[in-house]
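**Student:** Data: query-v8.csv, CSV, N, CA and C atoms.
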```
chain,number,residue,atom,x,y,z
A,3,MET,N,20.7,98.6,-100.9
A,3,MET,CA,21.1,98.5,-102.3
A,3,MET,C,19.8,98.6,-103.1
A,4,LYS,N,19.9,99.6,-104.0
A,4,LYS,CA,18.8,99.8,-104.9
A,4,LYS,C,18.8,98.9,-106.1
A,5,LYS,N,17.7,98.5,-106.5
A,5,LYS,CA,17.5,97.7,-107.7
A,5,LYS,C,17.3,98.6,-108.9
A,6,ALA,N,17.9,98.3,-110.0
A,6,ALA,CA,17.7,99.0,-111.2
A,6,ALA,C,16.2,98.7,-111.7
A,7,PRO,N,15.5,99.7,-112.2
A,7,PRO,CA,14.2,99.5,-112.7
A,7,PRO,C,14.1,98.4,-113.8
A,8,GLY,N,13.2,97.5,-113.6
A,8,GLY,CA,13.0,96.4,-114.6
A,8,GLY,C,14.0,95.3,-114.5
A,9,LYS,N,14.8,95.3,-113.4
A,9,LYS,CA,15.9,94.3,-113.3
A,9,LYS,C,15.5,93.3,-112.1
A,10,GLU,N,14.3,93.3,-111.7
A,10,GLU,CA,13.9,92.3,-110.7
A,10,GLU,C,14.1,90.9,-111.2
A,11,LEU,N,14.4,90.1,-110.2
A,11,LEU,CA,14.7,88.7,-110.6
A,11,LEU,C,13.4,87.9,-110.3
A,12,PHE,N,13.0,87.2,-111.3
A,12,PHE,CA,11.8,86.3,-111.2
A,12,PHE,C,12.2,84.9,-111.3
A,13,LEU,N,11.8,84.1,-110.4
A,13,LEU,CA,12.1,82.6,-110.5
A,13,LEU,C,10.8,81.9,-110.9
A,14,CYS,N,11.0,81.1,-111.9
A,14,CYS,CA,9.8,80.4,-112.4
A,14,CYS,C,10.2,78.9,-112.3
A,15,VAL,N,9.3,78.2,-111.7
A,15,VAL,CA,9.5,76.7,-111.6
A,15,VAL,C,8.5,76.1,-112.5
A,16,LEU,N,9.0,75.4,-113.5
A,16,LEU,CA,8.1,74.7,-114.4
A,16,LEU,C,7.9,73.2,-113.9
A,17,LYS,N,6.7,72.9,-113.8
A,17,LYS,CA,6.3,71.5,-113.4
A,17,LYS,C,6.0,70.7,-114.6
A,18,LYS,N,6.6,69.6,-114.8
A,18,LYS,CA,6.3,68.7,-115.9
A,18,LYS,C,5.6,67.5,-115.3
A,19,THR,N,4.4,67.3,-115.9
A,19,THR,CA,3.7,66.1,-115.5
A,19,THR,C,4.2,64.9,-116.3
A,20,ILE,N,4.6,63.9,-115.6
A,20,ILE,CA,5.1,62.7,-116.3
A,20,ILE,C,4.0,61.6,-116.2
A,21,MET,N,3.7,61.2,-117.4
A,21,MET,CA,2.7,60.1,-117.5
A,21,MET,C,3.4,58.8,-117.7
A,22,ILE,N,3.2,57.9,-116.8
A,22,ILE,CA,3.9,56.6,-116.9
A,22,ILE,C,2.9,55.6,-117.6
A,23,VAL,N,3.4,55.0,-118.6
A,23,VAL,CA,2.5,54.0,-119.3
A,23,VAL,C,3.1,52.6,-119.1
A,24,SER,N,2.3,51.6,-119.3
A,24,SER,CA,2.8,50.2,-119.2
A,24,SER,C,2.3,49.4,-120.4
A,25,LYS,N,3.2,48.8,-121.1
A,25,LYS,CA,2.9,48.0,-122.3
A,25,LYS,C,3.4,46.6,-122.2
A,26,ARG,N,2.6,45.6,-122.7
A,26,ARG,CA,3.0,44.2,-122.7
A,26,ARG,C,3.3,43.9,-124.2
A,27,ALA,N,4.4,43.2,-124.4
A,27,ALA,CA,4.7,42.8,-125.8
A,27,ALA,C,5.0,41.4,-125.9
A,28,VAL,N,4.6,40.7,-126.9
A,28,VAL,CA,4.9,39.3,-127.2
A,28,VAL,C,5.6,39.3,-128.6
A,29,ILE,N,6.8,38.8,-128.6
A,29,ILE,CA,7.7,38.8,-129.8
A,29,ILE,C,7.8,37.4,-130.2
A,30,ALA,N,7.5,37.1,-131.5
A,30,ALA,CA,7.6,35.8,-132.1
A,30,ALA,C,8.7,35.8,-133.2
A,31,GLY,N,9.3,34.6,-133.4
A,31,GLY,CA,10.3,34.5,-134.4
A,31,GLY,C,11.5,33.8,-133.8
A,32,LYS,N,12.7,34.0,-134.4
A,32,LYS,CA,13.9,33.5,-133.8
A,32,LYS,C,14.4,34.5,-132.8
A,33,VAL,N,13.9,34.4,-131.6
A,33,VAL,CA,14.2,35.4,-130.5
A,33,VAL,C,14.8,34.7,-129.3
A,34,GLN,N,14.9,33.4,-129.3
A,34,GLN,CA,15.6,32.8,-128.1
A,34,GLN,C,16.9,32.2,-128.6
A,35,GLY,N,17.9,32.4,-127.7
A,35,GLY,CA,19.3,31.9,-128.0
A,35,GLY,C,20.0,32.9,-128.9
A,36,VAL,N,19.5,34.1,-129.0
A,36,VAL,CA,20.2,35.2,-129.8
A,36,VAL,C,20.5,36.5,-129.0
A,37,PHE,N,20.5,36.3,-127.7
A,37,PHE,CA,20.7,37.4,-126.7
A,37,PHE,C,19.6,38.5,-126.8
A,38,TYR,N,18.4,38.1,-127.1
A,38,TYR,CA,17.3,39.0,-127.2
A,38,TYR,C,16.9,39.6,-125.9
A,39,ARG,N,16.8,38.8,-124.8
A,39,ARG,CA,16.5,39.3,-123.5
A,39,ARG,C,17.5,40.2,-123.0
A,40,ALA,N,18.8,39.8,-123.0
A,40,ALA,CA,19.9,40.6,-122.5
A,40,ALA,C,20.0,42.0,-123.3
A,41,SER,N,19.8,41.9,-124.6
A,41,SER,CA,19.9,43.1,-125.4
A,41,SER,C,18.7,44.0,-125.1
A,42,THR,N,17.5,43.5,-124.8
A,42,THR,CA,16.3,44.2,-124.5
A,42,THR,C,16.6,45.0,-123.2
A,43,LYS,N,17.2,44.3,-122.2
A,43,LYS,CA,17.5,44.9,-120.9
A,43,LYS,C,18.4,46.1,-121.1
A,44,GLU,N,19.5,45.9,-121.9
A,44,GLU,CA,20.4,47.0,-122.1
A,44,GLU,C,19.7,48.2,-122.7
A,45,ARG,N,18.9,47.9,-123.8
A,45,ARG,CA,18.2,49.0,-124.4
A,45,ARG,C,17.2,49.7,-123.5
A,46,ALA,N,16.5,48.9,-122.7
A,46,ALA,CA,15.6,49.5,-121.7
A,46,ALA,C,16.3,50.4,-120.7
A,47,ILE,N,17.4,49.9,-120.2
A,47,ILE,CA,18.1,50.7,-119.2
A,47,ILE,C,18.6,52.0,-119.9
A,48,ALA,N,19.1,51.9,-121.1
A,48,ALA,CA,19.6,53.1,-121.8
A,48,ALA,C,18.5,54.1,-122.0
A,49,LEU,N,17.2,53.6,-122.2
A,49,LEU,CA,16.1,54.5,-122.4
A,49,LEU,C,15.4,55.0,-121.1
A,50,GLY,N,15.8,54.4,-120.0
A,50,GLY,CA,15.2,54.8,-118.7
A,50,GLY,C,13.8,54.1,-118.6
A,51,VAL,N,13.7,52.9,-119.1
A,51,VAL,CA,12.4,52.1,-119.1
A,51,VAL,C,12.6,51.0,-118.0
A,52,ASN,N,11.6,50.8,-117.2
A,52,ASN,CA,11.6,49.7,-116.2
A,52,ASN,C,10.7,48.6,-116.7
A,53,GLY,N,10.9,47.4,-116.1
A,53,GLY,CA,10.0,46.3,-116.4
A,53,GLY,C,10.7,45.0,-116.3
A,54,GLU,N,10.3,44.0,-117.1
A,54,GLU,CA,10.9,42.7,-117.1
A,54,GLU,C,10.7,42.0,-118.5
A,55,VAL,N,11.6,41.1,-118.8
A,55,VAL,CA,11.5,40.3,-120.0
A,55,VAL,C,11.8,38.9,-119.7
A,56,TRP,N,11.1,37.9,-120.5
A,56,TRP,CA,11.3,36.5,-120.2
A,56,TRP,C,11.0,35.7,-121.4
A,57,ASN,N,11.5,34.5,-121.5
A,57,ASN,CA,11.3,33.5,-122.5
A,57,ASN,C,9.9,32.9,-122.3
A,58,ARG,N,9.2,32.6,-123.4
A,58,ARG,CA,7.9,31.9,-123.4
A,58,ARG,C,8.2,30.5,-123.8
A,59,THR,N,7.3,29.6,-123.3
A,59,THR,CA,7.4,28.2,-123.7
A,59,THR,C,7.2,27.9,-125.2
A,60,ASP,N,6.5,28.8,-125.9
A,60,ASP,CA,6.3,28.6,-127.3
A,60,ASP,C,7.4,29.1,-128.2
A,61,GLY,N,8.6,29.5,-127.6
A,61,GLY,CA,9.7,29.9,-128.3
A,61,GLY,C,9.8,31.4,-128.5
A,62,GLY,N,8.8,32.1,-128.1
A,62,GLY,CA,8.8,33.6,-128.2
A,62,GLY,C,9.4,34.2,-126.9
A,63,VAL,N,9.4,35.5,-126.9
A,63,VAL,CA,9.8,36.3,-125.7
A,63,VAL,C,8.7,37.3,-125.4
A,64,GLU,N,8.5,37.5,-124.1
A,64,GLU,CA,7.5,38.5,-123.7
A,64,GLU,C,8.1,39.5,-122.7
A,65,LEU,N,7.5,40.7,-122.7
A,65,LEU,CA,8.1,41.7,-121.9
A,65,LEU,C,6.9,42.6,-121.4
A,66,VAL,N,7.2,43.3,-120.3
A,66,VAL,CA,6.4,44.4,-119.8
A,66,VAL,C,7.3,45.5,-119.6
A,67,ALA,N,6.9,46.7,-120.2
A,67,ALA,CA,7.8,47.9,-120.2
A,67,ALA,C,7.0,49.0,-119.6
A,68,GLU,N,7.6,49.7,-118.6
A,68,GLU,CA,6.9,50.9,-118.0
A,68,GLU,C,7.9,52.1,-118.1
A,69,GLY,N,7.3,53.2,-118.3
A,69,GLY,CA,8.0,54.5,-118.3
A,69,GLY,C,7.3,55.6,-119.0
A,70,GLU,N,8.0,56.6,-119.4
A,70,GLU,CA,7.4,57.7,-120.2
A,70,GLU,C,7.0,57.1,-121.6
A,71,GLU,N,5.9,57.6,-122.1
A,71,GLU,CA,5.4,57.0,-123.3
A,71,GLU,C,6.4,57.0,-124.5
A,72,GLU,N,7.1,58.1,-124.6
A,72,GLU,CA,8.1,58.2,-125.7
A,72,GLU,C,9.2,57.1,-125.6
A,73,GLN,N,9.7,56.9,-124.4
A,73,GLN,CA,10.7,56.0,-124.2
A,73,GLN,C,10.2,54.5,-124.3
A,74,VAL,N,9.1,54.2,-123.8
A,74,VAL,CA,8.5,52.9,-124.0
A,74,VAL,C,8.3,52.6,-125.5
A,75,ASN,N,7.8,53.6,-126.2
A,75,ASN,CA,7.5,53.4,-127.6
A,75,ASN,C,8.9,53.2,-128.4
A,76,ALA,N,9.9,53.9,-127.9
A,76,ALA,CA,11.2,53.7,-128.6
A,76,ALA,C,11.7,52.2,-128.3
A,77,LEU,N,11.5,51.7,-127.1
A,77,LEU,CA,11.9,50.3,-126.8
A,77,LEU,C,11.1,49.4,-127.7
A,78,LEU,N,9.8,49.6,-127.8
A,78,LEU,CA,9.0,48.7,-128.6
A,78,LEU,C,9.4,48.7,-130.1
A,79,GLU,N,9.8,49.9,-130.6
A,79,GLU,CA,10.3,50.0,-132.0
A,79,GLU,C,11.5,49.2,-132.1
A,80,TRP,N,12.4,49.3,-131.2
A,80,TRP,CA,13.7,48.5,-131.2
A,80,TRP,C,13.3,47.0,-131.2
A,81,CYS,N,12.3,46.6,-130.4
A,81,CYS,CA,11.9,45.2,-130.3
A,81,CYS,C,11.5,44.6,-131.7
A,82,ARG,N,11.0,45.5,-132.6
A,82,ARG,CA,10.6,45.0,-133.9
A,82,ARG,C,11.8,44.4,-134.7
A,83,LEU,N,13.0,44.8,-134.4
A,83,LEU,CA,14.2,44.3,-135.0
A,83,LEU,C,15.0,43.4,-134.1
A,84,GLY,N,15.1,43.9,-132.8
A,84,GLY,CA,15.9,43.1,-131.8
A,84,GLY,C,17.4,43.2,-132.1
A,85,PRO,N,18.2,42.3,-131.5
A,85,PRO,CA,19.6,42.3,-131.7
A,85,PRO,C,19.9,41.7,-133.0
A,86,PRO,N,21.2,41.8,-133.5
A,86,PRO,CA,21.6,41.4,-134.8
A,86,PRO,C,21.2,40.0,-135.2
A,87,ARG,N,21.3,39.0,-134.3
A,87,ARG,CA,21.0,37.6,-134.7
A,87,ARG,C,19.5,37.2,-134.6
A,88,ALA,N,18.7,38.1,-134.1
A,88,ALA,CA,17.3,37.8,-134.0
A,88,ALA,C,16.6,38.0,-135.4
A,89,GLU,N,15.5,37.2,-135.5
A,89,GLU,CA,14.6,37.3,-136.7
A,89,GLU,C,13.2,37.5,-136.2
A,90,VAL,N,12.8,38.7,-136.0
A,90,VAL,CA,11.4,39.0,-135.4
A,90,VAL,C,10.4,38.8,-136.5
A,91,LYS,N,9.5,37.9,-136.3
A,91,LYS,CA,8.4,37.7,-137.3
A,91,LYS,C,7.1,38.5,-136.9
A,92,GLU,N,6.9,38.7,-135.6
A,92,GLU,CA,5.7,39.3,-135.2
A,92,GLU,C,5.9,40.0,-133.8
A,93,LEU,N,5.3,41.2,-133.6
A,93,LEU,CA,5.3,41.9,-132.4
A,93,LEU,C,3.9,42.3,-132.1
A,94,GLN,N,3.4,41.7,-131.0
A,94,GLN,CA,2.0,42.1,-130.5
A,94,GLN,C,2.1,42.9,-129.3
A,95,VAL,N,1.5,44.1,-129.3
A,95,VAL,CA,1.6,45.0,-128.2
A,95,VAL,C,0.3,45.3,-127.6
A,96,SER,N,0.1,45.3,-126.3
A,96,SER,CA,-1.1,45.7,-125.6
A,96,SER,C,-0.8,46.5,-124.4
A,97,ASP,N,-1.8,47.3,-124.0
A,97,ASP,CA,-1.7,48.1,-122.7
A,97,ASP,C,-1.7,47.1,-121.6
A,98,SER,N,-1.0,47.5,-120.5
A,98,SER,CA,-0.9,46.7,-119.3
A,98,SER,C,-1.1,47.7,-118.1
A,99,THR,N,-1.3,47.1,-117.0
A,99,THR,CA,-1.5,47.9,-115.7
A,99,THR,C,-0.1,48.2,-115.2
A,100,VAL,N,0.1,49.5,-114.8
A,100,VAL,CA,1.3,49.9,-114.2
A,100,VAL,C,1.5,49.3,-112.9
A,101,LYS,N,2.7,48.6,-112.7
A,101,LYS,CA,3.0,47.9,-111.5
A,101,LYS,C,4.0,48.6,-110.6
A,102,GLY,N,4.7,49.6,-111.2
A,102,GLY,CA,5.7,50.3,-110.5
A,102,GLY,C,7.1,49.7,-110.4
A,103,PHE,N,7.5,49.0,-111.5
A,103,PHE,CA,8.8,48.4,-111.5
A,103,PHE,C,9.9,49.5,-111.2
A,104,LYS,N,10.9,49.1,-110.5
A,104,LYS,CA,12.0,50.0,-110.1
A,104,LYS,C,13.2,49.9,-111.0
A,105,ASN,N,13.3,48.8,-111.8
A,105,ASN,CA,14.4,48.6,-112.7
A,105,ASN,C,13.9,47.7,-113.8
A,106,PHE,N,14.8,47.2,-114.7
A,106,PHE,CA,14.5,46.3,-115.7
A,106,PHE,C,15.2,45.0,-115.5
A,107,THR,N,14.5,43.9,-115.5
A,107,THR,CA,15.2,42.6,-115.2
A,107,THR,C,14.8,41.6,-116.2
A,108,VAL,N,15.7,40.6,-116.3
A,108,VAL,CA,15.5,39.4,-117.1
A,108,VAL,C,15.0,38.3,-116.2
A,109,LYS,N,13.8,37.8,-116.4
A,109,LYS,CA,13.3,36.7,-115.6
A,109,LYS,C,13.8,35.4,-116.1
A,110,ARG,N,14.2,34.6,-115.2
A,110,ARG,CA,14.6,33.2,-115.6
A,110,ARG,C,13.8,32.2,-114.8
A,111,PHE,N,13.3,31.2,-115.5
A,111,PHE,CA,12.5,30.2,-114.9
A,111,PHE,C,13.3,28.9,-114.6
```
Any chance you could give the structure as structure tokens?
**Tutor:**
Amino acid sequence: MKKAPGKELFLCVLKKTIMIVSKRAVIAGKVQGVFYRASTKERAIALGVNGEVWNRTDGGVELVAEGEEEQVNALLEWCRLGPPRAEVKELQVSDSTVKGFKNFTVKRF
């Protein structure tokens, strides 16, 4: 079978380098007893972000989020508001070491 001139099939495989980032956030305000942790887990899963979230003894919430930078940043932006009953007063974000979380969990002590 002859190929028509200029009709050769070329396959091109594009490789996308995925940079995984890890961020730690401390959230202060009315963030306990308002479904903040459960809502954070739901949002993280929807965004494809892994990590964990837990209550702090000072009344705040803390989390570690890992994933593609855009998705992690989207989660952190959501954390500035939180769920409807939350009243976020402060969000402190810092870089963290990537631990390789496989999912997003709510830690309970």
**Student:** Under the rule that only N, CA and C atoms are counted, which of A:Gly53, A:Pro85, A:Gly62, A:Gly69 is the nearest residue to A:Ile22?
**Tutor:**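 Counting only N, CA and C atoms, the residue closest to A:Ile22 is A:Gly69.
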**Student:** From the set A:Gly84, A:Gly50, A:Thr107, A:Ser96, which residue has the shortest atom-to-atom contact distance to A:Glu70, counting all atoms listed in the file?
**Tutor:** A:Gly50
**Student:** Name the closest residue to A:Val108 among the candidates A:Ser24, A:Thr59, A:Gln73, A:Asn52; distances are taken between atoms, counting only C-alpha atoms.
**Tutor:** A:Asn52
**Student:** Leaving out A:Leu78 and any residue of its chain fewer than 3 positions from it, which residues lie within 12 Å of it when counting only C-alpha atoms, given as a PyMOL selection string?
**Tutor:** chain A and resi 24-29+42+45-46+49+51+64-69+71-75+81-84+92-96
**Student:** Next, write the just-selected residues to a file, as a PDB file, in the frame of the given file, keeping N, CA and C atoms as the atom set.
**Tutor:**
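Wrote out35.pdb, looks like this:
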```
ATOM      1  N   SER A  24       2.300  51.600-119.300  1.00  0.00           N
ATOM      2  CA  SER A  24       2.800  50.200-119.200  1.00  0.00           C
ATOM      3  C   SER A  24       2.300  49.400-120.400  1.00  0.00           C
ATOM      4  N   LYS A  25       3.200  48.800-121.100  1.00  0.00           N
ATOM      5  CA  LYS A  25       2.900  48.000-122.300  1.00  0.00           C
ATOM      6  C   LYS A  25       3.400  46.600-122.200  1.00  0.00           C
ATOM      7  N   ARG A  26       2.600  45.600-122.700  1.00  0.00           N
ATOM      8  CA  ARG A  26       3.000  44.200-122.700  1.00  0.00           C
ATOM      9  C   ARG A  26       3.300  43.900-124.200  1.00  0.00           C
ATOM     10  N   ALA A  27       4.400  43.200-124.400  1.00  0.00           N
ATOM     11  CA  ALA A  27       4.700  42.800-125.800  1.00  0.00           C
ATOM     12  C   ALA A  27       5.000  41.400-125.900  1.00  0.00           C
ATOM     13  N   VAL A  28       4.600  40.700-126.900  1.00  0.00           N
ATOM     14  CA  VAL A  28       4.900  39.300-127.200  1.00  0.00           C
ATOM     15  C   VAL A  28       5.600  39.300-128.600  1.00  0.00           C
ATOM     16  N   ILE A  29       6.800  38.800-128.600  1.00  0.00           N
ATOM     17  CA  ILE A  29       7.700  38.800-129.800  1.00  0.00           C
ATOM     18  C   ILE A  29       7.800  37.400-130.200  1.00  0.00           C
ATOM     19  N   THR A  42      17.500  43.500-124.800  1.00  0.00           N
ATOM     20  CA  THR A  42      16.300  44.200-124.500  1.00  0.00           C
ATOM     21  C   THR A  42      16.600  45.000-123.200  1.00  0.00           C
ATOM     22  N   ARG A  45      18.900  47.900-123.800  1.00  0.00           N
ATOM     23  CA  ARG A  45      18.200  49.000-124.400  1.00  0.00           C
ATOM     24  C   ARG A  45      17.200  49.700-123.500  1.00  0.00           C
ATOM     25  N   ALA A  46      16.500  48.900-122.700  1.00  0.00           N
ATOM     26  CA  ALA A  46      15.600  49.500-121.700  1.00  0.00           C
ATOM     27  C   ALA A  46      16.300  50.400-120.700  1.00  0.00           C
ATOM     28  N   LEU A  49      17.200  53.600-122.200  1.00  0.00           N
ATOM     29  CA  LEU A  49      16.100  54.500-122.400  1.00  0.00           C
ATOM     30  C   LEU A  49      15.400  55.000-121.100  1.00  0.00           C
ATOM     31  N   VAL A  51      13.700  52.900-119.100  1.00  0.00           N
ATOM     32  CA  VAL A  51      12.400  52.100-119.100  1.00  0.00           C
ATOM     33  C   VAL A  51      12.600  51.000-118.000  1.00  0.00           C
ATOM     34  N   GLU A  64       8.500  37.500-124.100  1.00  0.00           N
ATOM     35  CA  GLU A  64       7.500  38.500-123.700  1.00  0.00           C
ATOM     36  C   GLU A  64       8.100  39.500-122.700  1.00  0.00           C
ATOM     37  N   LEU A  65       7.500  40.700-122.700  1.00  0.00           N
ATOM     38  CA  LEU A  65       8.100  41.700-121.900  1.00  0.00           C
ATOM     39  C   LEU A  65       6.900  42.600-121.400  1.00  0.00           C
ATOM     40  N   VAL A  66       7.200  43.300-120.300  1.00  0.00           N
ATOM     41  CA  VAL A  66       6.400  44.400-119.800  1.00  0.00           C
ATOM     42  C   VAL A  66       7.300  45.500-119.600  1.00  0.00           C
ATOM     43  N   ALA A  67       6.900  46.700-120.200  1.00  0.00           N
ATOM     44  CA  ALA A  67       7.800  47.900-120.200  1.00  0.00           C
ATOM     45  C   ALA A  67       7.000  49.000-119.600  1.00  0.00           C
ATOM     46  N   GLU A  68       7.600  49.700-118.600  1.00  0.00           N
ATOM     47  CA  GLU A  68       6.900  50.900-118.000  1.00  0.00           C
ATOM     48  C   GLU A  68       7.900  52.100-118.100  1.00  0.00           C
ATOM     49  N   GLY A  69       7.300  53.200-118.300  1.00  0.00           N
ATOM     50  CA  GLY A  69       8.000  54.500-118.300  1.00  0.00           C
ATOM     51  C   GLY A  69       7.300  55.600-119.000  1.00  0.00           C
ATOM     52  N   GLU A  71       5.900  57.600-122.100  1.00  0.00           N
ATOM     53  CA  GLU A  71       5.400  57.000-123.300  1.00  0.00           C
ATOM     54  C   GLU A  71       6.400  57.000-124.500  1.00  0.00           C
ATOM     55  N   GLU A  72       7.100  58.100-124.600  1.00  0.00           N
ATOM     56  CA  GLU A  72       8.100  58.200-125.700  1.00  0.00           C
ATOM     57  C   GLU A  72       9.200  57.100-125.600  1.00  0.00           C
ATOM     58  N   GLN A  73       9.700  56.900-124.400  1.00  0.00           N
ATOM     59  CA  GLN A  73      10.700  56.000-124.200  1.00  0.00           C
ATOM     60  C   GLN A  73      10.200  54.500-124.300  1.00  0.00           C
ATOM     61  N   VAL A  74       9.100  54.200-123.800  1.00  0.00           N
ATOM     62  CA  VAL A  74       8.500  52.900-124.000  1.00  0.00           C
ATOM     63  C   VAL A  74       8.300  52.600-125.500  1.00  0.00           C
ATOM     64  N   ASN A  75       7.800  53.600-126.200  1.00  0.00           N
ATOM     65  CA  ASN A  75       7.500  53.400-127.600  1.00  0.00           C
ATOM     66  C   ASN A  75       8.900  53.200-128.400  1.00  0.00           C
ATOM     67  N   CYS A  81      12.300  46.600-130.400  1.00  0.00           N
ATOM     68  CA  CYS A  81      11.900  45.200-130.300  1.00  0.00           C
ATOM     69  C   CYS A  81      11.500  44.600-131.700  1.00  0.00           C
ATOM     70  N   ARG A  82      11.000  45.500-132.600  1.00  0.00           N
ATOM     71  CA  ARG A  82      10.600  45.000-133.900  1.00  0.00           C
ATOM     72  C   ARG A  82      11.800  44.400-134.700  1.00  0.00           C
ATOM     73  N   LEU A  83      13.000  44.800-134.400  1.00  0.00           N
ATOM     74  CA  LEU A  83      14.200  44.300-135.000  1.00  0.00           C
ATOM     75  C   LEU A  83      15.000  43.400-134.100  1.00  0.00           C
ATOM     76  N   GLY A  84      15.100  43.900-132.800  1.00  0.00           N
ATOM     77  CA  GLY A  84      15.900  43.100-131.800  1.00  0.00           C
ATOM     78  C   GLY A  84      17.400  43.200-132.100  1.00  0.00           C
ATOM     79  N   GLU A  92       6.900  38.700-135.600  1.00  0.00           N
ATOM     80  CA  GLU A  92       5.700  39.300-135.200  1.00  0.00           C
ATOM     81  C   GLU A  92       5.900  40.000-133.800  1.00  0.00           C
ATOM     82  N   LEU A  93       5.300  41.200-133.600  1.00  0.00           N
ATOM     83  CA  LEU A  93       5.300  41.900-132.400  1.00  0.00           C
ATOM     84  C   LEU A  93       3.900  42.300-132.100  1.00  0.00           C
ATOM     85  N   GLN A  94       3.400  41.700-131.000  1.00  0.00           N
ATOM     86  CA  GLN A  94       2.000  42.100-130.500  1.00  0.00           C
ATOM     87  C   GLN A  94       2.100  42.900-129.300  1.00  0.00           C
ATOM     88  N   VAL A  95       1.500  44.100-129.300  1.00  0.00           N
ATOM     89  CA  VAL A  95       1.600  45.000-128.200  1.00  0.00           C
ATOM     90  C   VAL A  95       0.300  45.300-127.600  1.00  0.00           C
ATOM     91  N   SER A  96       0.100  45.300-126.300  1.00  0.00           N
ATOM     92  CA  SER A  96      -1.100  45.700-125.600  1.00  0.00           C
ATOM     93  C   SER A  96      -0.800  46.500-124.400  1.00  0.00           C
TER      94      SER A  96
END
```
**Student:** Would you please extract all alpha helix (DSSP H) residues from chain A, as assigned by DSSP on the backbone, and give them as a PyMOL selection string?
**Tutor:** chain A and resi 38-49+71-81
**Student:** Just the selected residues (N, CA and C atoms), exported as a JSON list (two decimals), keeping the file's coordinate frame, please.
**Tutor:**
```
[["chain", "number", "residue", "atom", "x", "y", "z"],
["A", 38, "TYR", "N", 18.40, 38.10, -127.10],
["A", 38, "TYR", "CA", 17.30, 39.00, -127.20],
["A", 38, "TYR", "C", 16.90, 39.60, -125.90],
["A", 39, "ARG", "N", 16.80, 38.80, -124.80],
["A", 39, "ARG", "CA", 16.50, 39.30, -123.50],
["A", 39, "ARG", "C", 17.50, 40.20, -123.00],
["A", 40, "ALA", "N", 18.80, 39.80, -123.00],
["A", 40, "ALA", "CA", 19.90, 40.60, -122.50],
["A", 40, "ALA", "C", 20.00, 42.00, -123.30],
["A", 41, "SER", "N", 19.80, 41.90, -124.60],
["A", 41, "SER", "CA", 19.90, 43.10, -125.40],
["A", 41, "SER", "C", 18.70, 44.00, -125.10],
["A", 42, "THR", "N", 17.50, 43.50, -124.80],
["A", 42, "THR", "CA", 16.30, 44.20, -124.50],
["A", 42, "THR", "C", 16.60, 45.00, -123.20],
["A", 43, "LYS", "N", 17.20, 44.30, -122.20],
["A", 43, "LYS", "CA", 17.50, 44.90, -120.90],
["A", 43, "LYS", "C", 18.40, 46.10, -121.10],
["A", 44, "GLU", "N", 19.50, 45.90, -121.90],
["A", 44, "GLU", "CA", 20.40, 47.00, -122.10],
["A", 44, "GLU", "C", 19.70, 48.20, -122.70],
["A", 45, "ARG", "N", 18.90, 47.90, -123.80],
["A", 45, "ARG", "CA", 18.20, 49.00, -124.40],
["A", 45, "ARG", "C", 17.20, 49.70, -123.50],
["A", 46, "ALA", "N", 16.50, 48.90, -122.70],
["A", 46, "ALA", "CA", 15.60, 49.50, -121.70],
["A", 46, "ALA", "C", 16.30, 50.40, -120.70],
["A", 47, "ILE", "N", 17.40, 49.90, -120.20],
["A", 47, "ILE", "CA", 18.10, 50.70, -119.20],
["A", 47, "ILE", "C", 18.60, 52.00, -119.90],
["A", 48, "ALA", "N", 19.10, 51.90, -121.10],
["A", 48, "ALA", "CA", 19.60, 53.10, -121.80],
["A", 48, "ALA", "C", 18.50, 54.10, -122.00],
["A", 49, "LEU", "N", 17.20, 53.60, -122.20],
["A", 49, "LEU", "CA", 16.10, 54.50, -122.40],
["A", 49, "LEU", "C", 15.40, 55.00, -121.10],
["A", 71, "GLU", "N", 5.90, 57.60, -122.10],
["A", 71, "GLU", "CA", 5.40, 57.00, -123.30],
["A", 71, "GLU", "C", 6.40, 57.00, -124.50],
["A", 72, "GLU", "N", 7.10, 58.10, -124.60],
["A", 72, "GLU", "CA", 8.10, 58.20, -125.70],
["A", 72, "GLU", "C", 9.20, 57.10, -125.60],
["A", 73, "GLN", "N", 9.70, 56.90, -124.40],
["A", 73, "GLN", "CA", 10.70, 56.00, -124.20],
["A", 73, "GLN", "C", 10.20, 54.50, -124.30],
["A", 74, "VAL", "N", 9.10, 54.20, -123.80],
["A", 74, "VAL", "CA", 8.50, 52.90, -124.00],
["A", 74, "VAL", "C", 8.30, 52.60, -125.50],
["A", 75, "ASN", "N", 7.80, 53.60, -126.20],
["A", 75, "ASN", "CA", 7.50, 53.40, -127.60],
["A", 75, "ASN", "C", 8.90, 53.20, -128.40],
["A", 76, "ALA", "N", 9.90, 53.90, -127.90],
["A", 76, "ALA", "CA", 11.20, 53.70, -128.60],
["A", 76, "ALA", "C", 11.70, 52.20, -128.30],
["A", 77, "LEU", "N", 11.50, 51.70, -127.10],
["A", 77, "LEU", "CA", 11.90, 50.30, -126.80],
["A", 77, "LEU", "C", 11.10, 49.40, -127.70],
["A", 78, "LEU", "N", 9.80, 49.60, -127.80],
["A", 78, "LEU", "CA", 9.00, 48.70, -128.60],
["A", 78, "LEU", "C", 9.40, 48.70, -130.10],
["A", 79, "GLU", "N", 9.80, 49.90, -130.60],
["A", 79, "GLU", "CA", 10.30, 50.00, -132.00],
["A", 79, "GLU", "C", 11.50, 49.20, -132.10],
["A", 80, "TRP", "N", 12.40, 49.30, -131.20],
["A", 80, "TRP", "CA", 13.70, 48.50, -131.20],
["A", 80, "TRP", "C", 13.30, 47.00, -131.20],
["A", 81, "CYS", "N", 12.30, 46.60, -130.40],
["A", 81, "CYS", "CA", 11.90, 45.20, -130.30],
["A", 81, "CYS", "C", 11.50, 44.60, -131.70]]
```
**Student:** Would you mind listing what lies within 7 Å of A:Gln34 as a PyMOL selection string, with all atoms listed in the file counted and same-chain residues fewer than 3 positions away left out?
**Tutor:** chain A and resi 31+37-39+61-63+88
**Student:** Select, from A:Lys32, A:Val100, A:Asn105, A:Glu79, the residue with the minimum atom-to-atom distance to A:Glu54, counting all atoms listed in the file.
**Tutor:**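 Among A:Lys32, A:Val100, A:Asn105, A:Glu79, it is A:Asn105 that comes nearest to A:Glu54.
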